[in-house]
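S.K.: Quick one: the structure is below, questions incoming.
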Amino acid sequence: MTLIKAVRGTRDLLPPETELWNRVEATARRVFARYNFGEIRTPIFEDTQLFARGVGEETDIVSKEMYTWEDRERFDVQSLVNAWTNVQINDRGFVIEGAIPYVLREVEKFGVRLILGRRNPEKPEFVAFGAKVTREAIEALSRAKQAIQTKRILPFSPDADYLRRFGPGLRLVVPAGLPAEDVDRGEVEIEEFPGQFSKSVQSLTLRPENTAGVVRAYIEHKLGETGLLQKLYYIGPQFRRERPQKGRYRQFWQIGAEVIGPPSAGSESPLRDAEVLEMLASFLDELGITGWKLVLNSVGSSTDRPRYIAALREALKDKAPQMCGDCQRRAETNPLRVLDCKVPEDQPIIETLPRIADYLDEESKAHFAAVLAALDACGVQYEVNPRLVRGLDYYTRTTFEFTHGGLGAQNALLGGGRYDGLSEMLGGPKAPGIGFAMGLDRLILTLQNRRADEAPGAGQFALADAYIAPLSDTQNAAALELARELRRAGLRVELGDGAFRLKKSFEIGNKVARAIVLLGEDEQRSGILTIKSFATGEQTKIPRGELAQALR
Ligand code: HAM
């Protein structure tokens, strides 16, 4: 049998590595709390339109990397009715009875949707439709027949006369191929009709990033009406169908944060940008990550951007034909994205394209200068890179990345920037914002590289305080009780099994714990336990009441 493995680009995180993950996450929570951020958790999948509109149709993320599917409604009764009706009329030559609409109106409340006239000599039928055969549907059809025979609502016509005297045939149509429920069908004829009768209602996408989701939530919950800045952080998996390599996965984790609010709350201030960058520098320092580099740029406001894009488009007229297929298309659809191109042959051409820095208006220039001045004031080192545009369409003004040399090709530890127009792009109020997301997988890689250098052996299992070894099955229950007592006292305890021989208990205990506690018949009776420390080899007898203390 072929083994089922984790899907390419995804992976399992196991202890002891998960301890490191937890530590990094705990540090993030602690640091962000000092800056007064609160946690937000948004759904892992969203309406595809959110990313198309927010991140941008022409970005790599949206055009190539999203996990998107059509979500199906379970069952679409109308499509079954339509398909079935077509076959009756076109293929079988039956008539859907139009002459007795008042009968239909009368029995609709019993689930009857059509009356099928089969012409003489066969009788008319009440037809109901369902996702499957249920007792309710069968009973409802019988009641419809009863109602029509007992009520004096029928006018004089051959059909009506027939119905009154003999009653209609009853038919329940369900999709073929589904497991049928075992119910008494009475006089109802069940017809299984082949085909797919579910309706595609919504295109959904596994989130490739979290900013669009946070801004959607901001709009949906009217957070802007508080008049305050919203400072929100998140920790969770994101999904992009990228070519997997070291530091690049298809399911990866981000720790991110967003500061967003109405302009009156100060959301546009360059101080917000500098504060977020300073927080990131402090966070990396607190984790002990050294050697990071902050690179930043301004991509201009929503009024600078069209001027720059026009210039880019003009310059690309001559140059695009020598570039890759994607660039040729993007030169037309979204010239800014040409700058994200990774094709080596295109890089010299990209170098010659106009720079956004030359197209910033006075306000954007002043905003960027104020961000840099605040960074200087608090001593956060940076480098300005006029080519840093980042691969998402929502950015305005400040954009940034923190890189780390130890990561190789995927050297961006984190990225972020301002998105002053995103809320409006999603149909919300004006709500400028700035935020970042860091690749947790890459952060962990950096920490692991560093630890291997500085502290060999770090990141291994922490040993339990004690391994409890019941000496026979008779002591198993008592051993569990003892383990419970010690765990409640705050100790980390591993529990053995009475079926193990003493030798095996010592072997396992030595691997997982600092000490072994023996629990045999004598110990159980006397309440005096034998412990042996694996570090010193020392064996002692300890009264049960003092055990927790002795094991610490
Ligand atoms: P991003 O640059 O697309 O920005 O991703 C941010 C970080 O996520 C990257 O710097 C990288 O560390 C990590 N990352 C991205 N893709 C992968 C992958 N396939 N495998 C491992 N790590 C990856 C955003 O996502 C924006 N939402 C950031 C933001 C927040 N801007 C404003 N607010």
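In the structure tokens, each chain is lettered A, B, ... as it comes, each chain's residues begin at 1, and ligands are numbered from 1 in order of appearance.
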Within 8 Å of ligand 1, counting only C-alpha atoms and all ligand atoms: which residues, as a tab-separated table (two decimals) with all heavy atoms, in the first residue's frame?

M.R.:
chain	number	residue	atom	x	y	z
A	61	ILE	N	0.59	36.54	-6.00
A	61	ILE	CA	-0.19	35.83	-4.99
A	61	ILE	C	-1.57	35.49	-5.54
A	61	ILE	O	-2.01	34.34	-5.48
A	61	ILE	CB	-0.34	36.69	-3.71
A	61	ILE	CG1	1.03	36.91	-3.07
A	61	ILE	CG2	-1.31	36.07	-2.72
A	61	ILE	CD1	0.99	37.76	-1.80
A	208	PRO	N	-4.09	33.77	1.69
A	208	PRO	CA	-2.67	33.78	1.39
A	208	PRO	C	-1.94	34.78	2.28
A	208	PRO	O	-0.70	34.81	2.32
A	208	PRO	CB	-2.61	34.24	-0.07
A	208	PRO	CG	-3.84	35.07	-0.25
A	208	PRO	CD	-4.89	34.55	0.71
A	209	GLU	N	-2.69	35.62	2.96
A	209	GLU	CA	-2.13	36.62	3.87
A	209	GLU	C	-3.29	37.11	4.72
A	209	GLU	O	-4.44	36.78	4.47
A	209	GLU	CB	-1.47	37.75	3.09
A	209	GLU	CG	-2.41	38.55	2.20
A	209	GLU	CD	-2.86	39.84	2.83
A	209	GLU	OE1	-1.99	40.62	3.21
A	209	GLU	OE2	-4.09	40.06	2.96
A	210	ASN	N	-2.98	37.89	5.76
A	210	ASN	CA	-4.02	38.20	6.74
A	210	ASN	C	-4.49	39.64	6.77
A	210	ASN	O	-5.47	39.98	7.43
A	210	ASN	CB	-3.53	37.77	8.13
A	210	ASN	CG	-4.62	37.13	8.97
A	210	ASN	OD1	-4.35	36.34	9.85
A	210	ASN	ND2	-5.88	37.47	8.69
A	211	THR	N	-3.78	40.53	6.05
A	211	THR	CA	-4.14	41.95	6.15
A	211	THR	C	-5.54	42.21	5.59
A	211	THR	O	-6.34	42.93	6.21
A	211	THR	CB	-3.09	42.80	5.40
A	211	THR	OG1	-1.81	42.43	5.87
A	211	THR	CG2	-3.31	44.28	5.63
A	212	ALA	N	-5.83	41.62	4.43
A	212	ALA	CA	-7.15	41.84	3.82
A	212	ALA	C	-8.25	41.36	4.77
A	212	ALA	O	-9.27	42.03	4.92
A	212	ALA	CB	-7.23	41.12	2.48
A	239	PHE	N	-1.59	30.39	3.24
A	239	PHE	CA	-1.44	29.37	2.20
A	239	PHE	C	-1.11	29.99	0.85
A	239	PHE	O	-1.85	30.84	0.37
A	239	PHE	CB	-2.74	28.57	2.09
A	239	PHE	CG	-3.17	27.98	3.40
A	239	PHE	CD1	-3.90	28.73	4.31
A	239	PHE	CD2	-2.81	26.68	3.74
A	239	PHE	CE1	-4.27	28.20	5.54
A	239	PHE	CE2	-3.17	26.15	4.97
A	239	PHE	CZ	-3.91	26.90	5.87
A	240	ARG	N	0.00	29.57	0.26
A	240	ARG	CA	0.33	30.03	-1.10
A	240	ARG	C	0.91	28.86	-1.87
A	240	ARG	O	1.78	28.16	-1.36
A	240	ARG	CB	1.37	31.18	-1.05
A	240	ARG	CG	0.87	32.41	-0.34
A	240	ARG	CD	1.87	33.55	-0.39
A	240	ARG	NE	1.46	34.59	0.56
A	240	ARG	CZ	2.18	35.65	0.86
A	240	ARG	NH1	3.34	35.86	0.27
A	240	ARG	NH2	1.74	36.54	1.73
A	241	ARG	N	0.43	28.70	-3.11
A	241	ARG	CA	0.93	27.60	-3.92
A	241	ARG	C	2.23	28.04	-4.59
A	241	ARG	O	2.28	28.36	-5.77
A	241	ARG	CB	-0.11	27.20	-4.97
A	241	ARG	CG	0.23	25.90	-5.67
A	241	ARG	CD	-0.68	25.60	-6.83
A	241	ARG	NE	-1.89	24.90	-6.45
A	241	ARG	CZ	-3.09	25.43	-6.49
A	241	ARG	NH1	-3.26	26.66	-6.90
A	241	ARG	NH2	-4.15	24.73	-6.15
A	242	GLU	N	3.30	28.10	-3.79
A	242	GLU	CA	4.61	28.49	-4.33
A	242	GLU	C	5.45	27.23	-4.50
A	242	GLU	O	5.12	26.18	-3.97
A	242	GLU	CB	5.31	29.43	-3.35
A	242	GLU	CG	4.59	30.74	-3.18
A	242	GLU	CD	5.45	31.76	-2.45
A	242	GLU	OE1	6.26	32.42	-3.13
A	242	GLU	OE2	5.32	31.89	-1.22
A	244	PRO	N	7.99	24.93	-3.35
A	244	PRO	CA	8.58	24.80	-2.02
A	244	PRO	C	10.10	24.75	-2.07
A	244	PRO	O	10.68	24.19	-3.00
A	244	PRO	CB	8.03	23.46	-1.51
A	244	PRO	CG	6.88	23.14	-2.38
A	244	PRO	CD	7.16	23.76	-3.70
A	247	GLY	N	12.67	27.43	3.69
A	247	GLY	CA	12.12	28.72	4.09
A	247	GLY	C	10.91	29.16	3.30
A	247	GLY	O	10.38	30.24	3.51
A	248	ARG	N	10.50	28.32	2.33
A	248	ARG	CA	9.29	28.67	1.57
A	248	ARG	C	8.37	27.46	1.52
A	248	ARG	O	8.74	26.41	1.01
A	248	ARG	CB	9.66	29.12	0.16
A	248	ARG	CG	8.45	29.67	-0.58
A	248	ARG	CD	8.84	30.47	-1.79
A	248	ARG	NE	9.36	29.61	-2.83
A	248	ARG	CZ	9.99	30.05	-3.91
A	248	ARG	NH1	10.20	31.34	-4.09
A	248	ARG	NH2	10.44	29.21	-4.81
A	249	TYR	N	7.19	27.62	2.07
A	249	TYR	CA	6.26	26.50	2.18
A	249	TYR	C	4.92	26.89	1.59
A	249	TYR	O	4.66	28.05	1.34
A	249	TYR	CB	6.10	26.11	3.66
A	249	TYR	CG	7.41	25.87	4.31
A	249	TYR	CD1	8.03	26.88	5.05
A	249	TYR	CD2	8.09	24.67	4.14
A	249	TYR	CE1	9.28	26.70	5.61
A	249	TYR	CE2	9.34	24.47	4.70
A	249	TYR	CZ	9.93	25.49	5.43
A	249	TYR	OH	11.17	25.30	5.97
A	250	ARG	N	4.07	25.89	1.39
A	250	ARG	CA	2.74	26.19	0.86
A	250	ARG	C	1.76	26.48	1.98
A	250	ARG	O	0.82	27.22	1.82
A	250	ARG	CB	2.27	25.04	-0.02
A	250	ARG	CG	3.13	24.97	-1.27
A	250	ARG	CD	2.74	23.89	-2.23
A	250	ARG	NE	3.30	24.20	-3.53
A	250	ARG	CZ	3.06	23.47	-4.62
A	250	ARG	NH1	2.28	22.41	-4.54
A	250	ARG	NH2	3.59	23.81	-5.76
A	251	GLN	N	1.98	25.84	3.12
A	251	GLN	CA	1.32	26.31	4.34
A	251	GLN	C	2.43	26.83	5.22
A	251	GLN	O	3.34	26.09	5.60
A	251	GLN	CB	0.57	25.20	5.06
A	251	GLN	CG	0.07	25.68	6.42
A	251	GLN	CD	-0.84	24.73	7.15
A	251	GLN	OE1	-1.44	23.84	6.58
A	251	GLN	NE2	-0.96	24.92	8.45
A	252	PHE	N	2.39	28.12	5.50
A	252	PHE	CA	3.42	28.71	6.36
A	252	PHE	C	2.71	29.55	7.41
A	252	PHE	O	1.51	29.80	7.32
A	252	PHE	CB	4.39	29.56	5.53
A	252	PHE	CG	3.73	30.69	4.80
A	252	PHE	CD1	3.77	31.98	5.31
A	252	PHE	CD2	3.06	30.47	3.61
A	252	PHE	CE1	3.15	33.04	4.64
A	252	PHE	CE2	2.43	31.52	2.94
A	252	PHE	CZ	2.48	32.80	3.45
A	253	TRP	N	3.48	29.98	8.39
A	253	TRP	CA	2.87	30.70	9.51
A	253	TRP	C	3.32	32.15	9.52
A	253	TRP	O	4.47	32.43	9.21
A	253	TRP	CB	3.25	30.02	10.82
A	253	TRP	CG	2.55	28.72	10.99
A	253	TRP	CD1	2.78	27.58	10.27
A	253	TRP	CD2	1.47	28.43	11.87
A	253	TRP	NE1	1.91	26.60	10.66
A	253	TRP	CE2	1.11	27.08	11.65
A	253	TRP	CE3	0.79	29.16	12.84
A	253	TRP	CZ2	0.09	26.47	12.36
A	253	TRP	CZ3	-0.22	28.54	13.55
A	253	TRP	CH2	-0.57	27.21	13.31
A	254	GLN	N	2.40	33.00	9.86
A	254	GLN	CA	2.78	34.41	10.02
A	254	GLN	C	2.40	34.90	11.41
A	254	GLN	O	1.37	34.52	11.96
A	254	GLN	CB	2.03	35.28	9.00
A	254	GLN	CG	2.60	35.24	7.60
A	254	GLN	CD	1.93	36.25	6.67
A	254	GLN	OE1	0.83	36.73	6.96
A	254	GLN	NE2	2.57	36.56	5.56
A	256	GLY	N	1.67	38.64	12.60
A	256	GLY	CA	1.54	39.96	11.97
A	256	GLY	C	0.77	40.90	12.86
A	256	GLY	O	0.18	40.50	13.87
A	257	ALA	N	0.78	42.17	12.48
A	257	ALA	CA	0.00	43.15	13.24
A	257	ALA	C	-0.40	44.29	12.32
A	257	ALA	O	0.29	44.57	11.33
A	257	ALA	CB	0.83	43.68	14.41
A	258	GLU	N	-1.51	44.92	12.64
A	258	GLU	CA	-2.01	46.03	11.84
A	258	GLU	C	-2.42	47.15	12.80
A	258	GLU	O	-3.01	46.89	13.85
A	258	GLU	CB	-3.24	45.60	11.01
A	258	GLU	CG	-3.11	44.27	10.26
A	258	GLU	CD	-2.10	44.26	9.13
A	258	GLU	OE1	-1.67	45.36	8.71
A	258	GLU	OE2	-1.71	43.16	8.68
A	390	ARG	N	7.44	45.81	-3.06
A	390	ARG	CA	6.66	44.74	-2.43
A	390	ARG	C	5.58	44.22	-3.37
A	390	ARG	O	5.05	44.94	-4.19
A	390	ARG	CB	6.06	45.18	-1.10
A	390	ARG	CG	7.07	45.83	-0.19
A	390	ARG	CD	7.38	45.09	1.08
A	390	ARG	NE	6.24	44.51	1.72
A	390	ARG	CZ	6.11	43.21	1.89
A	390	ARG	NH1	7.07	42.39	1.51
A	390	ARG	NH2	5.05	42.72	2.48
A	391	GLY	N	5.26	42.95	-3.19
A	391	GLY	CA	4.43	42.26	-4.19
A	391	GLY	C	2.93	42.32	-3.98
A	391	GLY	O	2.21	41.48	-4.49
A	392	LEU	N	2.44	43.28	-3.21
A	392	LEU	CA	0.99	43.37	-3.02
A	392	LEU	C	0.54	44.77	-3.43
A	392	LEU	O	1.25	45.74	-3.20
A	392	LEU	CB	0.63	43.11	-1.55
A	392	LEU	CG	1.04	41.74	-0.98
A	392	LEU	CD1	2.42	41.79	-0.35
A	392	LEU	CD2	0.03	41.24	0.03
A	395	TYR	N	-0.24	48.59	-1.08
A	395	TYR	CA	0.67	49.48	-0.38
A	395	TYR	C	0.65	50.93	-0.88
A	395	TYR	O	0.51	51.18	-2.07
A	395	TYR	CB	2.11	48.96	-0.45
A	395	TYR	CG	2.29	47.73	0.41
A	395	TYR	CD1	2.65	46.51	-0.14
A	395	TYR	CD2	2.08	47.79	1.78
A	395	TYR	CE1	2.79	45.38	0.64
A	395	TYR	CE2	2.22	46.67	2.58
A	395	TYR	CZ	2.57	45.47	2.00
A	395	TYR	OH	2.71	44.36	2.79
A	401	GLU	N	11.00	45.86	4.60
A	401	GLU	CA	11.29	44.45	4.84
A	401	GLU	C	12.43	44.36	5.84
A	401	GLU	O	13.30	45.23	5.88
A	401	GLU	CB	11.72	43.76	3.54
A	401	GLU	CG	10.53	43.31	2.72
A	401	GLU	CD	10.88	42.66	1.38
A	401	GLU	OE1	12.06	42.38	1.12
A	401	GLU	OE2	9.94	42.46	0.61
A	402	PHE	N	12.40	43.33	6.66
A	402	PHE	CA	13.55	43.00	7.49
A	402	PHE	C	14.14	41.73	6.86
A	402	PHE	O	13.42	40.74	6.68
A	402	PHE	CB	13.14	42.67	8.93
A	402	PHE	CG	12.87	43.88	9.79
A	402	PHE	CD1	11.82	44.75	9.51
A	402	PHE	CD2	13.66	44.14	10.91
A	402	PHE	CE1	11.56	45.85	10.32
A	402	PHE	CE2	13.41	45.23	11.74
A	402	PHE	CZ	12.37	46.09	11.44
A	410	GLN	N	15.56	32.86	0.37
A	410	GLN	CA	14.33	33.44	0.94
A	410	GLN	C	14.72	34.27	2.15
A	410	GLN	O	14.50	33.87	3.29
A	410	GLN	CB	13.36	32.31	1.33
A	410	GLN	CG	12.97	31.42	0.18
A	410	GLN	CD	12.36	32.20	-0.96
A	410	GLN	OE1	11.52	33.07	-0.75
A	410	GLN	NE2	12.81	31.93	-2.16
A	411	ASN	N	15.31	35.45	1.90
A	411	ASN	CA	15.93	36.15	3.02
A	411	ASN	C	15.02	37.14	3.73
A	411	ASN	O	15.44	37.79	4.67
A	411	ASN	CB	17.23	36.82	2.57
A	411	ASN	CG	16.95	37.99	1.64
A	411	ASN	OD1	15.82	38.19	1.22
A	411	ASN	ND2	17.99	38.76	1.33
A	412	ALA	N	13.75	37.28	3.27
A	412	ALA	CA	12.86	38.23	3.93
A	412	ALA	C	12.24	37.60	5.18
A	412	ALA	O	11.45	36.67	5.10
A	412	ALA	CB	11.76	38.68	2.98
A	413	LEU	N	12.67	38.10	6.33
A	413	LEU	CA	12.12	37.63	7.59
A	413	LEU	C	10.69	38.12	7.74
A	413	LEU	O	9.82	37.43	8.24
A	413	LEU	CB	12.91	38.23	8.75
A	413	LEU	CG	13.94	37.43	9.48
A	413	LEU	CD1	14.45	38.22	10.66
A	413	LEU	CD2	13.39	36.09	9.93
A	414	LEU	N	10.49	39.35	7.31
A	414	LEU	CA	9.17	39.94	7.43
A	414	LEU	C	9.04	41.09	6.45
A	414	LEU	O	10.03	41.63	5.96
A	414	LEU	CB	8.92	40.43	8.86
A	414	LEU	CG	9.76	41.59	9.40
A	414	LEU	CD1	9.06	42.92	9.18
A	414	LEU	CD2	10.00	41.38	10.88
A	415	GLY	N	7.79	41.45	6.18
A	415	GLY	CA	7.54	42.56	5.27
A	415	GLY	C	6.28	43.28	5.67
A	415	GLY	O	5.44	42.74	6.39
A	416	GLY	N	6.17	44.52	5.23
A	416	GLY	CA	4.96	45.26	5.56
A	416	GLY	C	4.95	46.64	4.95
A	416	GLY	O	5.79	46.97	4.11
A	417	GLY	N	3.99	47.40	5.40
A	417	GLY	CA	3.90	48.77	4.90
A	417	GLY	C	2.54	49.37	5.16
A	417	GLY	O	1.70	48.78	5.84
A	418	ARG	N	2.38	50.57	4.61
A	418	ARG	CA	1.13	51.32	4.72
A	418	ARG	C	0.13	50.90	3.67
A	418	ARG	O	0.53	50.50	2.57
A	418	ARG	CB	1.44	52.80	4.46
A	418	ARG	CG	1.44	53.59	5.63
A	418	ARG	CD	1.41	55.07	5.53
A	418	ARG	NE	1.56	55.43	6.91
A	418	ARG	CZ	0.57	55.44	7.79
A	418	ARG	NH1	-0.67	55.20	7.41
A	418	ARG	NH2	0.81	55.72	9.04
A	419	TYR	N	-1.14	50.99	4.00
A	419	TYR	CA	-2.19	50.69	3.00
A	419	TYR	C	-3.34	51.66	3.23
A	419	TYR	O	-4.41	51.27	3.66
A	419	TYR	CB	-2.62	49.22	3.11
A	419	TYR	CG	-2.80	48.72	4.53
A	419	TYR	CD1	-4.00	48.93	5.21
A	419	TYR	CD2	-1.76	48.09	5.20
A	419	TYR	CE1	-4.15	48.50	6.51
A	419	TYR	CE2	-1.91	47.66	6.50
A	419	TYR	CZ	-3.11	47.87	7.16
A	419	TYR	OH	-3.26	47.45	8.45
A	434	ILE	N	-1.19	50.71	8.79
A	434	ILE	CA	0.16	50.18	8.53
A	434	ILE	C	0.31	48.88	9.30
A	434	ILE	O	-0.26	48.73	10.39
A	434	ILE	CB	1.26	51.18	8.91
A	434	ILE	CG1	2.63	50.58	8.64
A	434	ILE	CG2	1.15	51.65	10.37
A	434	ILE	CD1	3.76	51.57	8.55
A	435	GLY	N	1.06	47.96	8.72
A	435	GLY	CA	1.23	46.70	9.42
A	435	GLY	C	2.37	45.90	8.82
A	435	GLY	O	3.06	46.35	7.91
A	436	PHE	N	2.54	44.71	9.35
A	436	PHE	CA	3.60	43.82	8.87
A	436	PHE	C	3.19	42.39	9.10
A	436	PHE	O	2.24	42.13	9.85
A	436	PHE	CB	4.90	44.08	9.66
A	436	PHE	CG	4.76	43.73	11.11
A	436	PHE	CD1	4.94	42.41	11.56
A	436	PHE	CD2	4.38	44.69	12.04
A	436	PHE	CE1	4.77	42.08	12.90
A	436	PHE	CE2	4.19	44.35	13.38
A	436	PHE	CZ	4.39	43.06	13.81
A	437	ALA	N	3.87	41.48	8.43
A	437	ALA	CA	3.73	40.07	8.77
A	437	ALA	C	5.11	39.44	8.68
A	437	ALA	O	5.86	39.73	7.74
A	437	ALA	CB	2.77	39.38	7.81
A	438	MET	N	5.43	38.61	9.67
A	438	MET	CA	6.72	37.93	9.59
A	438	MET	C	6.51	36.44	9.41
A	438	MET	O	5.54	35.87	9.91
A	438	MET	CB	7.58	38.23	10.80
A	438	MET	CG	7.07	37.74	12.10
A	438	MET	SD	8.20	38.35	13.35
A	438	MET	CE	7.19	39.58	14.11
A	439	GLY	N	7.41	35.87	8.64
A	439	GLY	CA	7.33	34.44	8.40
A	439	GLY	C	7.86	33.72	9.63
A	439	GLY	O	9.05	33.74	9.90
A	440	LEU	N	6.93	33.07	10.35
A	440	LEU	CA	7.34	32.40	11.58
A	440	LEU	C	8.30	31.25	11.27
A	440	LEU	O	9.27	31.02	11.99
A	440	LEU	CB	6.07	31.90	12.29
A	440	LEU	CG	6.16	31.34	13.69
A	440	LEU	CD1	7.03	32.17	14.60
A	440	LEU	CD2	4.76	31.22	14.28
A	441	ASP	N	8.04	30.56	10.15
A	441	ASP	CA	8.94	29.46	9.76
A	441	ASP	C	10.37	29.96	9.60
A	441	ASP	O	11.33	29.30	9.99
A	441	ASP	CB	8.47	28.84	8.44
A	441	ASP	CG	7.01	28.44	8.45
A	441	ASP	OD1	6.14	29.34	8.38
A	441	ASP	OD2	6.74	27.24	8.56
A	442	ARG	N	10.48	31.16	8.99
A	442	ARG	CA	11.82	31.71	8.74
A	442	ARG	C	12.46	32.21	10.03
A	442	ARG	O	13.68	32.12	10.20
A	442	ARG	CB	11.73	32.84	7.72
A	442	ARG	CG	11.26	32.31	6.38
A	442	ARG	CD	11.30	33.36	5.31
A	442	ARG	NE	10.60	32.85	4.14
A	442	ARG	CZ	10.34	33.56	3.06
A	442	ARG	NH1	10.72	34.82	3.01
A	442	ARG	NH2	9.71	33.02	2.05
A	443	LEU	N	11.62	32.75	10.91
A	443	LEU	CA	12.12	33.21	12.19
A	443	LEU	C	12.72	32.02	12.96
A	443	LEU	O	13.80	32.09	13.54
A	443	LEU	CB	10.94	33.78	12.96
A	443	LEU	CG	11.15	34.93	13.92
A	443	LEU	CD1	11.82	36.09	13.23
A	443	LEU	CD2	9.79	35.38	14.48

S.K.: May I have the residues within 10 Å of segment 95-112 of chain A as JSON, numbers by chain, using only C-alpha atoms and disregarding those fewer than 3 positions away in the same chain?

M.R.: {"A": [85, 86, 88, 89, 90, 92, 115, 116, 117, 118, 119, 124, 125, 126, 127, 128, 129, 130, 136, 137, 138, 139, 140, 141, 142, 143, 144, 145, 146, 147, 148, 151, 153, 154, 155, 157, 159, 160, 163, 170, 171, 172]}

S.K.: To one decimal place in Å, what is the distance between atom CA of Thr48 of chain A and atom CA of His221 of chain A?

M.R.: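 Taking atom CA of Thr48 of chain A as the start and atom CA of His221 of chain A as the end point, the length is 19.7 Å.
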
S.K.: What residues in segment 52-90 of chain A get the DSSP label strand (DSSP E)? Please answer as a list in words.

M.R.: Thr68, Trp69, Glu70, Asp71 and Arg72 of chain A

S.K.: Can I get the selected residues back with C-alpha atoms, as a compact mmCIF listing (two decimals), in the first residue's frame?

M.R.:
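Below is the file that was written, part_29.txt:
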# COMPACT_ATOMS: atom_id res chain seq x y z
CA THR A 68 -9.36 28.60 -4.48
CA TRP A 69 -12.43 26.42 -4.83
CA GLU A 70 -16.06 26.77 -5.68
CA ASP A 71 -18.04 26.12 -2.57
CA ARG A 72 -21.16 24.08 -3.30

S.K.: Got a sec: who's within 9 Å of Gly433 of chain A, counting only C-alpha atoms, leaving out chain neighbours fewer than 4 positions off, as an NGL selection string?

M.R.: :A and (258-262 or 267-268 or 272 or 417-423)

S.K.: Would you put the residues from that selection into a file with C-alpha atoms, as a PDB file, in the first residue's frame?

M.R.:
ATOM      1  CA  GLU A 258      -2.009  46.026  11.843  1.00  0.00           C
ATOM      2  CA  VAL A 259      -2.589  49.551  13.117  1.00  0.00           C
ATOM      3  CA  ILE A 260      -5.676  50.995  11.467  1.00  0.00           C
ATOM      4  CA  GLY A 261      -8.231  53.683  12.196  1.00  0.00           C
ATOM      5  CA  PRO A 262      -9.898  56.879  11.007  1.00  0.00           C
ATOM      6  CA  SER A 267      -3.646  56.627  11.691  1.00  0.00           C
ATOM      7  CA  GLU A 268      -1.813  58.534   8.944  1.00  0.00           C
ATOM      8  CA  ARG A 272       2.768  55.129  13.613  1.00  0.00           C
ATOM      9  CA  GLY A 417       3.904  48.767   4.900  1.00  0.00           C
ATOM     10  CA  ARG A 418       1.130  51.322   4.724  1.00  0.00           C
ATOM     11  CA  TYR A 419      -2.187  50.686   3.004  1.00  0.00           C
ATOM     12  CA  ASP A 420      -4.042  53.973   3.288  1.00  0.00           C
ATOM     13  CA  GLY A 421      -6.623  53.109   0.609  1.00  0.00           C
ATOM     14  CA  LEU A 422      -7.298  49.411   1.358  1.00  0.00           C
ATOM     15  CA  SER A 423     -10.439  49.915   3.432  1.00  0.00           C
TER      16      SER A 423
END

S.K.: Would you pick out the contacts of Arg355 of chain A at 9 Å or less, using only C-alpha atoms, so that residues sharing its chain but fewer than 2 positions from it are not included, and give the list as a ChimeraX atom specification?

M.R.: /A:308,312,351-353,357-359,386-387

S.K.: Go ahead and save the picked residues with N, CA and C atoms, as an mmCIF file, in the first residue's frame.

M.R.:
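And here is the file that came out, selection26.cif:
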data_model
loop_
_atom_site.group_PDB
_atom_site.id
_atom_site.type_symbol
_atom_site.label_atom_id
_atom_site.label_comp_id
_atom_site.auth_asym_id
_atom_site.auth_seq_id
_atom_site.Cartn_x
_atom_site.Cartn_y
_atom_site.Cartn_z
ATOM 1 N N TYR A 308 3.482 57.824 -11.515
ATOM 2 C CA TYR A 308 4.622 56.918 -11.648
ATOM 3 C C TYR A 308 4.288 55.767 -12.605
ATOM 4 N N LEU A 312 6.144 54.581 -15.951
ATOM 5 C CA LEU A 312 6.630 53.210 -16.081
ATOM 6 C C LEU A 312 6.099 52.591 -17.378
ATOM 7 N N GLU A 351 16.535 47.641 -13.858
ATOM 8 C CA GLU A 351 17.417 48.668 -13.277
ATOM 9 C C GLU A 351 17.286 50.016 -13.988
ATOM 10 N N THR A 352 16.961 49.960 -15.286
ATOM 11 C CA THR A 352 16.930 51.215 -16.052
ATOM 12 C C THR A 352 15.564 51.899 -15.999
ATOM 13 N N LEU A 353 14.584 51.263 -15.362
ATOM 14 C CA LEU A 353 13.226 51.852 -15.337
ATOM 15 C C LEU A 353 13.171 53.034 -14.359
ATOM 16 N N ALA A 357 10.848 57.079 -6.303
ATOM 17 C CA ALA A 357 11.281 58.203 -5.458
ATOM 18 C C ALA A 357 11.196 59.529 -6.214
ATOM 19 N N ASP A 358 11.393 59.460 -7.542
ATOM 20 C CA ASP A 358 11.367 60.702 -8.326
ATOM 21 C C ASP A 358 9.959 61.181 -8.622
ATOM 22 N N TYR A 359 8.971 60.429 -8.208
ATOM 23 C CA TYR A 359 7.580 60.815 -8.529
ATOM 24 C C TYR A 359 6.745 61.121 -7.288
ATOM 25 N N PRO A 386 15.303 52.319 -2.946
ATOM 26 C CA PRO A 386 14.253 52.913 -3.790
ATOM 27 C C PRO A 386 13.557 51.902 -4.701
ATOM 28 N N ARG A 387 14.056 50.653 -4.780
ATOM 29 C CA ARG A 387 13.407 49.657 -5.643
ATOM 30 C C ARG A 387 12.443 48.747 -4.866
#

S.K.: Which residue out of A:Ala431, A:Leu519, A:Val77, A:Ile255 has the minimum interatomic distance to Gly224 of chain A when only C-alpha atoms are used?

M.R.: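 Using only C-alpha atoms, the shortest distance to Gly224 of chain A belongs to A:Ala431.
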
S.K.: Mind pulling up the distance from atom CA of Cys341 of chain A to atom CA of Pro432 of chain A?

M.R.: 27.9 Å

S.K.: As a PyMOL selection string, please: every residue in segment 167-302 of chain A that DSSP puts in alpha helix (DSSP H).

M.R.: chain A and resi 211-220+270-287

S.K.: Have a look at A:Gly408, A:Glu494, A:Val299, A:Val31 and name the one nearest to Ala281 of chain A; count only C-alpha atoms.

M.R.: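 Counting only C-alpha atoms, the residue closest to Ala281 of chain A is A:Val31.
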